[in-house]
Every structure is written in structure tokens, then in C-alpha cells.
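Engineer: So I've got this file, structure_21.txt, and it contains compact mmCIF, C-alpha atoms:
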# COMPACT_ATOMS: atom_id res chain seq x y z
CA MET A 14 -25.76 -13.92 56.45
CA PRO A 15 -24.40 -12.89 53.02
CA ILE A 16 -27.62 -14.23 51.48
CA ILE A 17 -29.73 -12.17 53.82
CA MET A 18 -27.68 -9.07 53.07
CA PHE A 19 -28.15 -9.76 49.33
CA PHE A 20 -31.95 -9.84 49.70
CA ARG A 21 -31.90 -6.65 51.76
CA ILE A 22 -29.83 -4.81 49.17
CA ALA A 23 -31.97 -6.15 46.31
CA ALA A 24 -35.16 -5.00 48.01
CA ILE A 25 -33.80 -1.52 48.64
CA TYR A 26 -32.53 -1.32 45.04
CA MET A 27 -35.91 -2.34 43.59
CA PHE A 28 -37.67 0.22 45.77
CA PHE A 29 -35.46 3.07 44.54
CA ILE A 30 -35.74 2.02 40.89
CA PHE A 31 -39.53 1.92 41.15
CA THR A 32 -39.66 5.34 42.83
CA ILE A 33 -37.29 6.96 40.33
CA ASN A 34 -39.33 5.61 37.40
CA LEU A 35 -42.48 7.13 38.87
CA CYS A 36 -40.83 10.53 39.27
CA LEU A 37 -39.25 10.66 35.79
CA SER A 38 -42.20 9.17 33.87
CA ASN A 39 -43.61 11.42 31.12
CA ASN A 40 -46.02 8.78 29.92
CA LEU A 41 -49.68 8.15 30.39
CA TYR A 42 -51.17 4.73 29.87
CA HIS A 43 -54.79 3.81 29.09
CA PHE A 44 -55.92 7.34 29.83
CA SER A 45 -59.23 9.10 29.38
CA LEU A 46 -59.47 12.88 29.51
CA PRO A 47 -62.91 14.56 29.47
CA LEU A 48 -63.18 18.26 28.62
CA PHE A 49 -65.99 20.53 29.84
CA ASP A 50 -67.35 23.92 28.85
CA GLU A 51 -67.89 26.88 31.18
CA HIS A 52 -71.26 25.45 32.23
CA GLY A 53 -69.79 22.14 33.24
CA VAL A 54 -71.24 20.23 30.28
CA LYS A 55 -68.96 17.66 28.71
CA ILE A 56 -67.99 18.70 25.18
CA CYS A 57 -65.18 16.33 24.35
CA ASN A 58 -63.44 13.18 25.54
CA ILE A 59 -59.93 12.14 24.55
CA SER A 60 -58.72 8.64 25.34
CA GLY A 61 -55.74 6.59 24.27
CA LYS A 62 -53.57 3.63 24.93
CA GLN A 63 -50.39 5.58 25.57
CA ALA A 64 -49.36 9.24 25.54
CA ASP A 65 -45.70 10.23 25.50
CA LEU A 66 -44.73 13.82 26.20
CA ILE A 67 -42.36 14.80 23.37
CA ASP A 68 -41.74 18.38 24.51
CA SER A 69 -43.52 20.69 26.88
CA LYS A 70 -46.74 20.86 24.85
CA ILE A 71 -46.85 18.03 22.29
CA PHE A 72 -48.04 14.54 23.11
CA LYS A 73 -47.55 11.51 20.90
CA VAL A 74 -50.60 9.36 21.43
CA SER A 75 -51.17 5.81 20.28
CA ASP A 76 -54.63 4.41 19.57
CA ILE A 77 -56.32 7.74 20.21
CA THR A 78 -60.10 8.19 20.29
CA ILE A 79 -61.68 11.66 20.31
CA GLN A 80 -65.39 12.11 20.89
CA PHE A 81 -67.20 15.42 20.44
CA PHE A 82 -70.58 15.79 22.08
CA SER A 83 -73.54 17.98 21.19
CA LYS A 84 -73.53 21.27 23.06
CA GLY A 85 -76.00 22.56 25.54
CA LYS A 86 -77.40 19.29 26.81
CA VAL A 87 -77.20 17.68 30.20
CA ASP A 88 -76.42 14.22 28.84
CA PRO A 89 -75.02 15.09 25.41
CA PRO A 90 -75.08 12.44 22.69
CA GLU A 91 -71.96 11.81 20.66
CA GLU A 92 -71.69 14.15 17.66
CA ILE A 93 -68.41 13.12 16.04
CA HIS A 94 -66.25 10.05 16.60
CA ILE A 95 -62.56 10.06 15.61
CA THR A 96 -60.07 7.22 15.91
CA SER A 97 -56.45 6.97 14.82
CA ASP A 98 -53.63 4.55 15.46
CA GLN A 99 -51.12 7.32 16.14
CA ALA A 100 -51.42 11.08 16.62
CA ASN A 101 -49.30 14.06 17.61
CA VAL A 102 -51.40 16.37 19.74
CA ASP A 103 -50.47 19.99 20.41
CA SER A 104 -52.55 20.96 23.42
CA THR A 105 -51.74 24.69 23.23
CA LYS A 106 -52.79 25.13 19.59
CA ASN A 107 -55.59 22.56 19.81
CA VAL A 108 -54.37 20.72 16.69
CA ALA A 109 -53.45 17.14 15.95
CA ASN A 110 -51.87 15.30 13.06
CA GLY A 111 -50.64 11.88 12.11
CA ASP A 112 -49.10 9.94 9.25
CA GLY A 113 -51.17 6.84 9.83
CA PHE A 114 -54.79 5.84 9.60
CA ILE A 115 -57.74 7.95 10.74
CA ALA A 116 -61.48 7.27 10.83
CA ILE A 117 -64.08 10.01 11.28
CA SER A 118 -67.78 9.33 11.57
CA ASN A 119 -71.09 10.86 12.58
CA ASP A 120 -74.73 10.44 11.62
CA GLU A 121 -74.11 11.76 8.09
CA PHE A 122 -70.91 10.10 6.95
CA SER A 123 -67.97 7.78 7.62
CA ALA A 124 -64.55 8.83 6.33
CA THR A 125 -61.19 7.10 6.38
CA GLY A 126 -57.78 8.10 5.14
CA SER A 127 -54.20 8.66 6.19
CA ASN A 128 -51.67 11.47 6.52
CA TRP A 129 -54.09 13.77 8.26
CA GLN A 130 -54.43 17.02 10.21
CA PHE A 131 -57.19 18.10 12.59
CA PHE A 132 -57.83 21.67 13.76
CA GLY A 133 -59.87 21.47 16.95
CA ASN A 134 -61.05 25.09 17.11
CA SER A 135 -62.70 25.03 13.69
CA LYS A 136 -63.35 21.26 13.54
CA ASN A 137 -61.63 21.10 10.17
CA PHE A 138 -59.91 17.98 8.87
CA THR A 139 -57.47 17.40 6.05
CA LEU A 140 -56.81 13.91 4.75
CA ASN A 141 -53.99 13.71 2.21
CA LYS A 142 -53.99 10.05 1.22
CA ASP A 143 -56.28 7.10 0.47
CA VAL A 144 -59.49 9.00 1.10
CA GLN A 145 -62.73 7.06 1.23
CA VAL A 146 -66.04 8.57 2.37
CA LEU A 147 -69.46 6.99 2.62
CA PHE A 148 -72.37 9.42 2.89
CA LYS A 149 -74.97 7.44 4.74
CA LYS A 150 -78.43 6.74 3.45
CA THR A 151 -80.75 6.65 6.42
CA MET B 17 -29.79 -27.46 64.19
CA CYS B 18 -32.30 -26.17 61.61
CA LYS B 19 -34.83 -25.43 64.30
CA TYR B 20 -32.18 -23.46 66.20
CA TYR B 21 -31.39 -21.28 63.16
CA LEU B 22 -35.08 -20.78 62.35
CA LYS B 23 -35.76 -19.61 65.90
CA LYS B 24 -32.73 -17.34 65.98
CA HIS B 25 -33.39 -15.60 62.67
CA LYS B 26 -37.20 -15.56 62.85
CA VAL B 27 -37.45 -11.84 62.09
CA ILE B 28 -35.18 -12.07 59.05
CA ILE B 29 -37.04 -15.07 57.68
CA ASN B 30 -40.33 -13.18 57.99
CA LYS B 31 -38.79 -10.32 56.03
CA ILE B 32 -37.76 -12.75 53.28
CA ARG B 33 -41.33 -14.07 53.13
CA VAL B 34 -42.67 -10.53 52.74
CA PHE B 35 -40.08 -9.85 50.04
CA PHE B 36 -41.11 -12.91 47.99
CA ALA B 37 -44.78 -12.09 48.47
CA PHE B 38 -44.15 -8.63 47.05
CA PHE B 39 -42.44 -10.06 43.94
CA THR B 40 -45.27 -12.53 43.44
CA LEU B 41 -47.83 -9.75 43.64
CA LEU B 42 -45.78 -7.61 41.23
CA SER B 43 -45.65 -10.40 38.67
CA PHE B 44 -49.43 -10.76 38.81
CA VAL B 45 -49.86 -7.03 38.24
CA ILE B 46 -47.49 -7.05 35.25
CA GLY B 47 -49.23 -10.09 33.78
CA ALA B 48 -52.66 -8.47 34.15
CA THR B 49 -51.41 -5.29 32.47
CA GLU B 50 -50.07 -7.24 29.49
CA LYS B 51 -53.41 -9.02 29.18
CA LEU B 52 -55.19 -5.65 29.27
CA ASP B 53 -52.86 -4.38 26.51
CA THR B 54 -53.76 -7.37 24.35
CA THR B 55 -57.45 -6.81 24.99
CA LEU B 56 -57.14 -3.14 24.08
CA GLU B 57 -55.17 -3.99 20.93
CA THR B 58 -57.94 -6.34 19.85
CA ALA B 59 -60.57 -3.73 20.67
CA THR B 60 -58.66 -1.06 18.71
CA THR B 61 -58.37 -3.32 15.68
CA ASP B 62 -62.08 -4.06 15.87
CA THR B 63 -62.75 -0.33 16.08
CA LYS B 64 -60.71 0.30 12.93
CA LYS B 65 -62.59 -2.42 11.07
CA ALA B 66 -65.93 -1.09 12.24
CA ALA B 67 -64.94 2.44 11.20
CA LEU B 68 -64.19 1.50 7.58
CA PRO B 69 -67.12 2.08 5.19
CA ASN B 70 -68.66 -1.24 4.23
CA VAL B 71 -68.16 -0.97 0.49
CA SER B 72 -69.81 -4.23 -0.42
CA ASN B 73 -73.10 -3.21 1.19
CA ALA B 74 -72.77 0.50 0.53
CA SER B 75 -76.05 2.00 1.64
CA GLY B 76 -75.26 5.49 0.44
CA THR B 77 -72.90 7.38 -1.81
CA LEU B 78 -69.27 6.30 -1.80
CA ILE B 79 -66.53 8.75 -2.83
CA THR B 80 -62.81 8.10 -3.10
CA SER B 81 -60.07 10.62 -3.86
CA ASP B 82 -56.46 11.51 -3.23
CA LYS B 83 -57.20 14.35 -0.83
CA LEU B 84 -60.09 15.62 1.28
CA GLU B 85 -60.79 18.75 3.29
CA ILE B 86 -63.70 18.60 5.73
CA SER B 87 -65.31 21.60 7.40
CA LEU B 88 -67.87 20.44 9.96
CA ASN B 89 -70.69 22.73 10.96
CA GLU B 90 -73.94 22.18 12.76
CA ASN B 91 -76.00 23.73 9.94
CA GLN B 92 -74.12 22.29 7.01
CA SER B 93 -70.80 20.59 6.45
CA GLU B 94 -68.53 20.96 3.43
CA PHE B 95 -66.33 18.30 1.86
CA LEU B 96 -63.77 19.19 -0.83
CA PHE B 97 -62.41 16.17 -2.69
CA THR B 98 -59.42 16.69 -5.01
CA GLY B 99 -57.42 14.35 -7.21
CA ASN B 100 -58.82 11.24 -8.94
CA VAL B 101 -62.29 11.75 -7.53
CA LYS B 102 -64.65 8.82 -8.06
CA LEU B 103 -68.26 9.03 -6.97
CA ALA B 104 -70.51 5.98 -6.83
CA ALA B 105 -74.11 6.94 -6.11
CA PRO B 106 -77.00 4.46 -6.06
CA LEU B 107 -78.26 5.62 -9.51
CA PHE B 108 -75.12 6.79 -11.32
CA SER B 109 -71.35 7.19 -11.11
CA MET B 110 -68.96 10.01 -11.87
CA GLU B 111 -65.25 10.63 -12.25
CA CYS B 112 -63.73 14.08 -12.01
CA ALA B 113 -60.79 16.15 -10.84
CA GLU B 114 -62.51 17.99 -8.01
CA ALA B 115 -65.84 17.73 -6.19
CA LYS B 116 -67.34 19.88 -3.46
CA ILE B 117 -70.15 18.39 -1.42
CA ILE B 118 -72.47 20.22 0.95
CA THR B 119 -74.58 18.24 3.39
CA PHE B 120 -77.78 19.14 5.18
CA GLY B 121 -76.24 19.05 8.62
CA LYS B 122 -78.58 19.05 11.60
CA ILE B 123 -81.35 20.71 9.57
CA MET B 124 -84.16 18.19 9.25
CA ASN B 125 -84.19 17.64 5.52
CA SER B 126 -83.22 14.95 3.13
CA ALA B 127 -83.11 14.27 -0.58
CA PRO B 128 -84.53 11.28 -2.41
CA ASP B 129 -81.83 8.65 -2.72
CA PHE B 130 -79.08 10.90 -1.33
CA ASP B 131 -80.36 11.69 2.15
CA SER B 132 -77.46 13.55 3.77
CA ILE B 133 -76.07 15.22 0.60
CA LYS B 134 -77.62 18.55 -0.33
CA GLN B 135 -75.49 19.71 -3.25
CA ILE B 136 -72.54 18.54 -5.33
CA SER B 137 -70.37 20.94 -7.38
CA ILE B 138 -67.89 19.36 -9.76
CA THR B 139 -65.04 21.00 -11.68
CA GLY B 140 -62.49 19.69 -14.08
CA PRO B 141 -63.05 17.29 -16.91
CA LEU B 142 -65.75 14.96 -15.70
CA LEU B 143 -67.33 11.73 -16.86
CA PHE B 144 -70.89 10.78 -15.92
CA ARG B 145 -72.29 7.26 -16.35
CA GLN B 146 -75.82 5.96 -15.95
CA ASP B 147 -76.77 2.62 -17.44
CA GLU B 148 -75.65 2.69 -21.09
CA ARG B 149 -75.42 6.49 -21.20
CA SER B 150 -72.19 8.41 -20.61
CA CYS B 151 -71.73 12.18 -20.48
CA SER B 152 -68.71 14.43 -20.33
CA ALA B 153 -68.38 18.14 -19.54
CA ASP B 154 -66.16 20.70 -17.85
CA ARG B 155 -68.47 21.38 -14.90
CA ALA B 156 -71.46 19.84 -13.15
CA GLU B 157 -73.93 20.89 -10.50
CA ILE B 158 -76.09 18.30 -8.75
CA THR B 159 -79.09 19.39 -6.70
CA THR B 160 -80.37 16.38 -4.86
CA THR B 161 -83.71 17.85 -3.83
CA ASP B 162 -84.90 18.12 -7.45
CA THR B 163 -82.82 15.13 -8.70
CA THR B 164 -81.14 17.24 -11.42
CA ILE B 165 -77.62 17.23 -12.81
CA ILE B 166 -76.59 20.24 -14.91
CA LEU B 167 -73.53 19.64 -17.11
CA SER B 168 -71.96 22.73 -18.66
CA GLY B 169 -68.91 23.55 -20.77
CA ASN B 170 -68.40 21.28 -23.79
CA ALA B 171 -71.21 19.03 -22.59
CA THR B 172 -71.69 15.78 -24.50
CA ALA B 173 -74.12 12.90 -23.94
CA LYS B 174 -73.61 9.56 -25.66
CA ASP B 175 -75.51 6.31 -25.70
CA SER B 176 -76.27 3.49 -28.15
CA ARG B 177 -78.58 5.75 -30.20
CA GLY B 178 -76.07 8.53 -30.82
CA THR B 179 -74.23 11.54 -29.45
CA ILE B 180 -75.58 14.97 -28.44
CA SER B 181 -73.41 18.02 -27.79
CA GLY B 182 -74.37 21.42 -26.46
CA SER B 183 -73.42 24.13 -24.01
CA GLU B 184 -75.57 22.67 -21.27
CA ILE B 185 -77.13 19.28 -20.59
CA ARG B 186 -79.73 18.78 -17.90
CA ILE B 187 -80.19 15.25 -16.63
CA ASN B 188 -82.95 14.05 -14.36
CA TYR B 189 -81.19 11.05 -12.88
CA MET B 190 -84.38 9.65 -11.38
CA ALA B 191 -86.42 9.81 -14.61
CA LYS B 192 -83.26 9.18 -16.70
CA ASN B 193 -84.08 11.82 -19.32
CA ILE B 194 -81.91 14.62 -20.69
CA GLU B 195 -82.45 18.12 -22.06
CA ILE B 196 -79.93 19.92 -24.25
CA SER B 197 -79.38 23.70 -24.49
CA SER B 198 -77.35 25.71 -26.95
CA ALA B 199 -74.55 28.13 -26.06
CA ILE B 200 -74.94 31.80 -25.14
CA ASN B 201 -73.46 32.81 -28.50
CA ASN B 202 -76.14 30.70 -30.20
CA SER B 203 -73.82 27.93 -31.24
CA PRO B 204 -75.94 25.02 -32.42
CA VAL B 205 -76.77 21.84 -30.59
CA THR B 206 -75.36 18.97 -32.55
CA LEU B 207 -77.07 15.65 -32.74
CA ASN B 208 -75.59 12.51 -34.22
CA VAL B 209 -78.00 9.61 -34.35
CA SER B 210 -76.83 6.09 -34.99
CA THR B 211 -79.00 4.18 -37.49
CA PRO B 212 -79.41 0.50 -36.76
CA PRO B 213 -77.81 -1.92 -39.24
CA PRO B 214 -80.20 -3.46 -41.82
CA THR B 215 -81.82 -6.75 -40.87
CA ILE B 216 -83.66 -9.34 -42.94
CA GLU B 217 -87.01 -8.03 -41.60
CA ASN B 218 -86.23 -4.47 -42.71
CA ILE B 219 -85.29 -5.37 -46.28
Please lay out the structure from this file as C-alpha cells.

Structural biologist:
Amino acid sequence: MPIIMFFRIAAIYMFFIFTINLCLSNNLYHFSLPLFDEHGVKICNISGKQADLIDSKIFKVSDITIQFFSKGKVDPPEEIHITSDQANVDSTKNVANGDGFIAISNDEFSATGSNWQFFGNSKNFTLNKDVQVLFKKT
Amino acid sequence: MCKYYLKKHKVIINKIRVFFAFFTLLSFVIGATEKLDTTLETATTDTKKAALPNVSNASGTLITSDKLEISLNENQSEFLFTGNVKLAAPLFSMECAEAKIITFGKIMNSAPDFDSIKQISITGPLLFRQDERSCSADRAEITTTDTTIILSGNATAKDSRGTISGSEIRINYMAKNIEISSAINNSPVTLNVSTPPPTIENI
């Protein structure tokens, strides 16, 4: 009887712990977030291994990948490809930055560096360290 | 005795079975997630490696610097390199303090041997090297469509035959020839030619 009571209590305890973790979780894991324009055409896709909500508007994302697609097409090809091992994303200002590695590439060039900032509205990048760019010869 | 207890507490025993089944299932889920993390880590590392420019087989122009500002645009993109800028093109190399590069963008155009680069503007003391020839100046403009480099401001070209100085040096990096201009205030072009040392045949 005491053993049976122990299992009952353990099961109830595990259930509550699991439920509480779900309610309090501010993390996303292995996520993919597509963004669309007013015509319903996909313009951007953000994916990552883990996103932690630091405050109400800033996410700390690990292993982030951002893809921009060409505008105005039904099945838009990828225009710019960005990867970074760690990024702080401010969703309200549409900016991101990170101290670590970043790689940016498209048909014209491939760039790598670290200690970077990205301004999503203007598609401007700043790399402050270890810059290396290859302009591709087609 | 055992059979009696099993019959009496049948419901409770079934609950224990369900409980253990749940834990077993949970452990499988956790194990699968960890395996997925490992797979993603490997994929991410592979992505980083693939993203790095392949320097050993550089099919293009490679530029390194301390800092870079990129402004991407559909028509043309601008790249501003600052600090210890080193440019390695297929036909020549340069070192400078600052370089601004404009690319063709989506416009269907290309330049011989540069393809995506339309124009390069260089400021600061610069050093240009092509084969045995080296040049220095304060500024340089490279127009890839006509394969011309214009060096201005204390421009000097030096090779095994001598040294030439002027206000402006024009280099066709495809034909590998140079043209020297004098300054606006008519300061002269200076030419220093190295004479070869005497040999037995010459005497």
C-alpha cells in the first residue's frame, strides 16, 4: 500500500511539473518562422535551434538562419542567405546583432566576419572583426 | 497468496503498468530529441564550413579587412572596407586603408575577370602589385568594364627597369601597360631608369 501511494504521488507530481514548465516556458526550440508581404508572398524565413525571450521584445537565438526571397514572385528564389551561431533579435526595431560568427551570401558574394549588426529595414550589415569577402566569378 | 493479491489489486496494478509505460515513452522522446540536437549541431557546423569562402580555390576577388559595411540593393550593392584592407584579384593585388566597392547587382552586366564588381574606389596610402611591378599612390579608381586603374596623388610605379613618378598613373591591368601624367601645376614626370650591370658580352 505505501508503495502504491508513492507511485500515485510521483505520477501526480510529474504531471504538475510538466504542466508548469509548459506554462512558464519562454523558449522556442527548432523553430521556423516565415514572413509574408501584403500579397501573401513569402519574403523572409527565420529559423533557429533555440530562441530565448530575454525581455518583451528581444530574442536570443542560437544557430539562426535568415533567408530573404526575391519579391513579387509566386515561388520566390532565395536572394540572401544569412547564418550565425548566436544572435540577439529585436522584433520591434527589425534589427539583429551578435558577437560571434556570421556568414552572408548571395549570387554575387560570400562574406564572413564576427561582431556584427544587421538592420532589416534597409538590409544593411556591419561586420566589425575578421572580415573576409569573396566576390564570385561566375 | 500472490494470485490472491494480484486479483484483489488488479486495478492498481494496471495503473502501475500505465505509469511505467508513460515513463518508457518519455525516455524515448527525450532520447530522440537529443539525437535531433546532435544532428542539427552537425548540420550547423557543416553550414558554417560551407559558408566560408574557399580561399585555396578562390574563383573571384578576395578581400579581407578589419571592418565592413554592406548596403544591399537590387540595382547595386555597396561594400565599404576599412582598416588593413587587402585585395587579391586574379590579375593583381592591393593593400590600402579603405576601399569602397560597387557591384552590378541584378542588372545583367559583368566585367572581364571581375564579373560582379563594377567599380572600386580606394583611399589612403595604397600599394599595388602586379608581377614584378609595384605602385603606390594616395588614391585609386578601378573601373572593371574598361580594365583600368587610375592612381593619383604622389603616384609612383616601380619595377626592375626603374621608377616613374607623376601626378597620375593609368594602368591597364589586362594589357599590363602604364601611362604617366604630370600634375595640374605642370610639375614634371620623373623617370629613373636602371641600367643593367656590364657583362662580358657588352665590354

Engineer: By how many Å are CA of Asp120 (chain A) and CA of Ile93 (chain A) apart?

Structural biologist: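 So the two atoms, CA of Asp120 (chain A) and CA of Ile93 (chain A), lie 8.2 Å apart.
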
Engineer: Excluding same-chain residues fewer than 5 positions from region 72-78 of chain A, what lies within 7 Å of it counting all atoms listed in the file, as a PyMOL selection string?

Structural biologist: (chain A and resi 59-67+95-103) or (chain B and resi 60)

Engineer: Any chance you can output those residues with C-alpha atoms as a PDB file, in the coordinates of the input?

Structural biologist:
ATOM      1  CA  ILE A  59     -59.930  12.140  24.550  1.00  0.00           C
ATOM      2  CA  SER A  60     -58.720   8.640  25.340  1.00  0.00           C
ATOM      3  CA  GLY A  61     -55.740   6.590  24.270  1.00  0.00           C
ATOM      4  CA  LYS A  62     -53.570   3.630  24.930  1.00  0.00           C
ATOM      5  CA  GLN A  63     -50.390   5.580  25.570  1.00  0.00           C
ATOM      6  CA  ALA A  64     -49.360   9.240  25.540  1.00  0.00           C
ATOM      7  CA  ASP A  65     -45.700  10.230  25.500  1.00  0.00           C
ATOM      8  CA  LEU A  66     -44.730  13.820  26.200  1.00  0.00           C
ATOM      9  CA  ILE A  67     -42.360  14.800  23.370  1.00  0.00           C
ATOM     10  CA  ILE A  95     -62.560  10.060  15.610  1.00  0.00           C
ATOM     11  CA  THR A  96     -60.070   7.220  15.910  1.00  0.00           C
ATOM     12  CA  SER A  97     -56.450   6.970  14.820  1.00  0.00           C
ATOM     13  CA  ASP A  98     -53.630   4.550  15.460  1.00  0.00           C
ATOM     14  CA  GLN A  99     -51.120   7.320  16.140  1.00  0.00           C
ATOM     15  CA  ALA A 100     -51.420  11.080  16.620  1.00  0.00           C
ATOM     16  CA  ASN A 101     -49.300  14.060  17.610  1.00  0.00           C
ATOM     17  CA  VAL A 102     -51.400  16.370  19.740  1.00  0.00           C
ATOM     18  CA  ASP A 103     -50.470  19.990  20.410  1.00  0.00           C
TER      19      ASP A 103
ATOM     20  CA  THR B  60     -58.660  -1.060  18.710  1.00  0.00           C
TER      21      THR B  60
END

Engineer: Please list as a PyMOL selection string every residue within 9 Å of region 101-109 of chain B, counting all atoms listed in the file and excluding residues in the same chain fewer than 5 positions away.

Structural biologist: chain B and resi 74-83+114-115+129-130+143-147+189-190

Engineer: Go ahead and save the residues from that selection, with C-alpha atoms, as a short mmCIF file (atom, residue, chain, number, x, y, z; two decimals), in the coordinates of the input.

Structural biologist:
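result.cif, written as the output of this step:
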data_model
loop_
_atom_site.label_atom_id
_atom_site.label_comp_id
_atom_site.auth_asym_id
_atom_site.auth_seq_id
_atom_site.Cartn_x
_atom_site.Cartn_y
_atom_site.Cartn_z
CA ALA B 74 -72.77 0.50 0.53
CA SER B 75 -76.05 2.00 1.64
CA GLY B 76 -75.26 5.49 0.44
CA THR B 77 -72.90 7.38 -1.81
CA LEU B 78 -69.27 6.30 -1.80
CA ILE B 79 -66.53 8.75 -2.83
CA THR B 80 -62.81 8.10 -3.10
CA SER B 81 -60.07 10.62 -3.86
CA ASP B 82 -56.46 11.51 -3.23
CA LYS B 83 -57.20 14.35 -0.83
CA GLU B 114 -62.51 17.99 -8.01
CA ALA B 115 -65.84 17.73 -6.19
CA ASP B 129 -81.83 8.65 -2.72
CA PHE B 130 -79.08 10.90 -1.33
CA LEU B 143 -67.33 11.73 -16.86
CA PHE B 144 -70.89 10.78 -15.92
CA ARG B 145 -72.29 7.26 -16.35
CA GLN B 146 -75.82 5.96 -15.95
CA ASP B 147 -76.77 2.62 -17.44
CA TYR B 189 -81.19 11.05 -12.88
CA MET B 190 -84.38 9.65 -11.38
#

Engineer: I'd like a table as a tab-separated table: residues in chain A with an atom no more than 7 Å from chain B, each row giving the shortest atom pair and its distance in Å to one decimal, all atoms listed in the file counted, sorted by chain and rising residue number.

Structural biologist:
residue	atom	partner	partner_atom	distance
A:Asp76	CA	B:Thr60	CA	6.8
A:Ala116	CA	B:Ala67	CA	6.0
A:Glu121	CA	B:Ser132	CA	5.8
A:Ser123	CA	B:Pro69	CA	6.3
A:Thr125	CA	B:Leu68	CA	6.5
A:Lys136	CA	B:Leu88	CA	5.8
A:Asn137	CA	B:Ser87	CA	4.6
A:Phe138	CA	B:Ile86	CA	5.0
A:Thr139	CA	B:Glu85	CA	4.5
A:Leu140	CA	B:Leu84	CA	5.1
A:Asn141	CA	B:Lys83	CA	4.5
A:Lys142	CA	B:Asp82	CA	5.3
A:Asp143	CA	B:Asp82	CA	5.8
A:Val144	CA	B:Ser81	CA	5.2
A:Gln145	CA	B:Thr80	CA	4.5
A:Val146	CA	B:Ile79	CA	5.2
A:Leu147	CA	B:Leu78	CA	4.5
A:Phe148	CA	B:Thr77	CA	5.2
A:Lys149	CA	B:Gly76	CA	4.7
A:Lys150	CA	B:Gly76	CA	4.5
A:Thr151	CA	B:Asp131	CA	6.6

Engineer: CA of Asn110 (chain A) and CA of Trp129 (chain A) are how many Å apart?

Structural biologist: 5.5 Å
